[in-house]
Every structure is written in structure tokens, then in C-alpha cells.
>>> print(open('query05.cif').read())   # mmCIF, C-alpha atoms, pLDDT in the B column; chains and numbers go by the auth columns
data_my_file
loop_
_atom_site.group_PDB
_atom_site.id
_atom_site.type_symbol
_atom_site.label_atom_id
_atom_site.label_comp_id
_atom_site.label_asym_id
_atom_site.label_seq_id
_atom_site.Cartn_x
_atom_site.Cartn_y
_atom_site.Cartn_z
_atom_site.B_iso_or_equiv
_atom_site.auth_seq_id
_atom_site.auth_asym_id
ATOM 1 C CA MET A 1 33.554 68.953 90.090 83.00 1 A
ATOM 2 C CA THR A 2 33.824 71.654 87.407 85.00 2 A
ATOM 3 C CA ASP A 3 33.138 74.367 89.974 83.00 3 A
ATOM 4 C CA LEU A 4 35.845 72.986 92.252 81.00 4 A
ATOM 5 C CA LEU A 5 38.308 72.839 89.344 85.00 5 A
ATOM 6 C CA THR A 6 37.427 76.414 88.302 89.00 6 A
ATOM 7 C CA THR A 7 37.838 77.679 91.874 89.00 7 A
ATOM 8 C CA GLU A 8 41.163 75.881 92.273 90.00 8 A
ATOM 9 C CA THR A 9 42.427 77.168 88.900 92.00 9 A
ATOM 10 C CA THR A 10 41.347 80.711 89.756 93.00 10 A
ATOM 11 C CA SER A 11 43.142 80.604 93.120 93.00 11 A
ATOM 12 C CA ILE A 12 46.342 79.260 91.452 94.00 12 A
ATOM 13 C CA VAL A 13 46.212 82.000 88.810 95.00 13 A
ATOM 14 C CA GLU A 14 45.612 84.692 91.449 95.00 14 A
ATOM 15 C CA ALA A 15 48.530 83.427 93.561 95.00 15 A
ATOM 16 C CA ALA A 16 50.792 83.329 90.508 96.00 16 A
ATOM 17 C CA ASP A 17 49.639 86.851 89.549 95.00 17 A
ATOM 18 C CA LYS A 18 50.459 88.162 93.044 96.00 18 A
ATOM 19 C CA GLU A 19 53.863 86.501 92.950 96.00 19 A
ATOM 20 C CA PHE A 20 54.494 87.912 89.480 97.00 20 A
ATOM 21 C CA LYS A 21 53.630 91.434 90.695 97.00 21 A
ATOM 22 C CA VAL A 22 55.995 91.090 93.670 97.00 22 A
ATOM 23 C CA VAL A 23 58.840 89.843 91.476 97.00 23 A
ATOM 24 C CA ASN A 24 58.102 92.534 88.886 97.00 24 A
ATOM 25 C CA ASP A 25 58.209 95.253 91.590 97.00 25 A
ATOM 26 C CA GLN A 26 61.525 93.873 92.823 97.00 26 A
ATOM 27 C CA LEU A 27 62.928 93.908 89.291 97.00 27 A
ATOM 28 C CA VAL A 28 61.779 97.498 88.786 97.00 28 A
ATOM 29 C CA GLN A 29 63.489 98.498 92.051 97.00 29 A
ATOM 30 C CA LEU A 30 66.639 96.652 91.056 97.00 30 A
ATOM 31 C CA HIS A 31 66.598 98.346 87.657 97.00 31 A
ATOM 32 C CA GLU A 32 66.218 101.809 89.232 96.00 32 A
ATOM 33 C CA CYS A 33 68.949 101.080 91.781 96.00 33 A
ATOM 34 C CA THR A 34 71.309 99.800 89.064 96.00 34 A
ATOM 35 C CA LYS A 35 70.544 102.769 86.827 96.00 35 A
ATOM 36 C CA LYS A 36 71.238 105.187 89.695 96.00 36 A
ATOM 37 C CA LYS A 37 74.493 103.408 90.563 96.00 37 A
ATOM 38 C CA ILE A 38 75.650 103.512 86.928 96.00 38 A
ATOM 39 C CA GLU A 39 74.899 107.243 86.765 95.00 39 A
ATOM 40 C CA GLN A 40 76.846 107.807 90.002 95.00 40 A
ATOM 41 C CA GLU A 41 79.794 105.772 88.732 93.00 41 A
ATOM 42 C CA THR A 42 79.752 107.634 85.410 92.00 42 A
ATOM 43 C CA GLN A 43 79.763 110.984 87.214 92.00 43 A
ATOM 44 C CA HIS A 44 82.554 109.778 89.501 91.00 44 A
ATOM 45 C CA ARG A 45 84.657 108.784 86.481 89.00 45 A
ATOM 46 C CA ILE A 46 83.988 112.129 84.802 88.00 46 A
ATOM 47 C CA ASN A 47 85.063 113.935 87.967 88.00 47 A
ATOM 48 C CA SER A 48 88.098 111.674 88.317 89.00 48 A
ATOM 49 C CA ASP A 49 89.114 112.224 84.685 86.00 49 A
ATOM 50 C CA THR A 50 88.730 115.986 85.169 87.00 50 A
ATOM 51 C CA THR A 51 90.832 115.859 88.321 89.00 51 A
ATOM 52 C CA ILE A 52 93.518 113.806 86.575 88.00 52 A
ATOM 53 C CA LYS A 53 93.504 116.201 83.619 88.00 53 A
ATOM 54 C CA GLU A 54 93.800 119.233 85.911 90.00 54 A
ATOM 55 C CA ALA A 55 96.614 117.567 87.868 90.00 55 A
ATOM 56 C CA GLY A 56 98.403 116.797 84.600 89.00 56 A
ATOM 57 C CA GLU A 57 98.067 120.391 83.423 91.00 57 A
ATOM 58 C CA ALA A 58 99.366 121.660 86.780 91.00 58 A
ATOM 59 C CA ALA A 59 102.319 119.262 86.560 92.00 59 A
ATOM 60 C CA LEU A 60 103.144 120.466 83.046 92.00 60 A
ATOM 61 C CA LYS A 61 103.064 124.085 84.239 92.00 61 A
ATOM 62 C CA THR A 62 105.318 123.194 87.156 91.00 62 A
ATOM 63 C CA ILE A 63 107.757 121.412 84.836 92.00 63 A
ATOM 64 C CA ALA A 64 107.816 124.386 82.468 89.00 64 A
ATOM 65 C CA SER A 65 108.432 126.742 85.379 85.00 65 A
ATOM 66 C CA LEU A 66 111.245 124.550 86.719 86.00 66 A
ATOM 67 C CA LYS A 67 112.857 124.410 83.273 86.00 67 A
ATOM 68 C CA ARG A 68 112.788 128.210 83.081 81.00 68 A
ATOM 69 C CA LYS A 69 114.325 128.445 86.547 80.00 69 A
ATOM 70 C CA LEU A 70 117.091 126.036 85.556 83.00 70 A
ATOM 71 C CA ARG A 71 117.896 128.114 82.490 79.00 71 A
ATOM 72 C CA ASP A 72 118.013 131.354 84.493 73.00 72 A
ATOM 73 C CA PRO A 73 118.366 130.917 88.279 65.00 73 A
ATOM 74 C CA GLU A 74 118.201 134.698 88.722 67.00 74 A
ATOM 75 C CA ASP A 75 114.697 134.725 87.202 60.00 75 A
ATOM 76 C CA SER A 76 112.758 133.104 90.049 57.00 76 A
ATOM 77 C CA LEU A 77 109.404 133.771 88.379 59.00 77 A
ATOM 78 C CA GLY A 78 110.481 132.315 85.074 53.00 78 A
ATOM 79 C CA THR A 79 109.590 135.473 83.183 57.00 79 A
ATOM 80 C CA ALA A 80 112.833 135.855 81.257 56.00 80 A
ATOM 81 C CA SER A 81 113.028 135.111 77.589 54.00 81 A
ATOM 82 C CA THR A 82 113.138 131.422 76.801 52.00 82 A
ATOM 83 C CA LYS A 83 115.566 131.966 73.910 54.00 83 A
ATOM 84 C CA ARG A 84 119.103 130.825 74.623 54.00 84 A
ATOM 85 C CA GLN A 85 121.701 133.481 74.394 56.00 85 A
ATOM 86 C CA ARG A 86 125.238 132.742 73.311 57.00 86 A
ATOM 87 C CA PRO A 87 127.976 133.637 75.724 61.00 87 A
ATOM 88 C CA ALA A 88 130.221 136.458 74.652 63.00 88 A
ATOM 89 C CA LEU A 89 133.316 135.332 72.764 64.00 89 A
ATOM 90 C CA ASP A 90 136.472 135.325 74.799 65.00 90 A
ATOM 91 C CA PRO A 91 139.127 136.963 72.599 63.00 91 A
ATOM 92 C CA THR A 92 141.986 135.566 74.684 68.00 92 A
ATOM 93 C CA ARG A 93 140.860 132.038 74.079 63.00 93 A
ATOM 94 C CA TYR A 94 141.449 132.193 70.328 58.00 94 A
ATOM 95 C CA SER A 95 144.814 133.981 70.350 52.00 95 A
#
>>> encode(input="query05.cif", output="C-alpha cells")
Amino acid sequence: MTDLLTTETTSIVEAADKEFKVVNDQLVQLHECTKKKIEQETQHRINSDTTIKEAGEAALKTIASLKRKLRDPEDSLGTASTKRQRPALDPTRYS
């Protein structure tokens, strides 16, 4: 009877050990897959943030260029001085 109980106990323990190893392997794979996905998502966000930042900088440059063009339509490149110049006084206006 003791031998039968020992054999049965051993087979239950071995089956549980095999099942534990299978579940453990699955958890390790899940962990690696999750870790890889998190790294990919992090890199994607970094790239997205960089793209957004670059787009914002380009938009600011475009706005600055458009402002310069509005101030001086003759200066299509926006290279003229950004200081406002006063118009010449009209002497006939104050007579």
C-alpha cells in the first residue's frame, strides 16, 4: 500500500512539475513579448514626439517668414530688417 501511495504521489508531483514548467515557459514568453512591445511603443512615441517637435519648429519658421513677407511684400525672402521704419512726414499735412 505504501509503495502504491508513493508511486501515485510521485506521478502527481511529476505531472504538476511538467505543468508548472509549461506555464512558466509561457509566462517567460509573455514577459519577453510584452517587454518587446513596450520598447517598440516607447520608441514609436519618441519618434512621434520628435516628428511633432520638428513639425512645430517648421511651422514657427513658416509663420516668421510669412510675418516678414507681410511687413515687406517686396522682400520675398524675408531678409529685410525686421525693425519698423516710420513713414516720412508729409509737410503738407501739417500746414
>>> atom_distance(input="query05.cif", atom1="atom CA of Val13 of chain A", atom2="atom CA of Leu30 of chain A")
25.2 Å
>>> axis_aligned_box(input="query05.cif", around="segment 52-66 of chain A", padding_each_side="4 Å", output="lines of an AutoDock Vina configuration file")
center_x = 102.4
center_y = 120.3
center_z = 85.2
size_x = 25.7
size_y = 20.9
size_z = 13.4
>>> atom_distance(input="query05.cif", atom1="atom CA of Leu70 of chain A", atom2="atom CA of Glu57 of chain A")
20.0 Å
>>> atom_distance(input="query05.cif", atom1="atom CA of Ala64 of chain A", atom2="atom CA of Arg45 of chain A")
28.2 Å
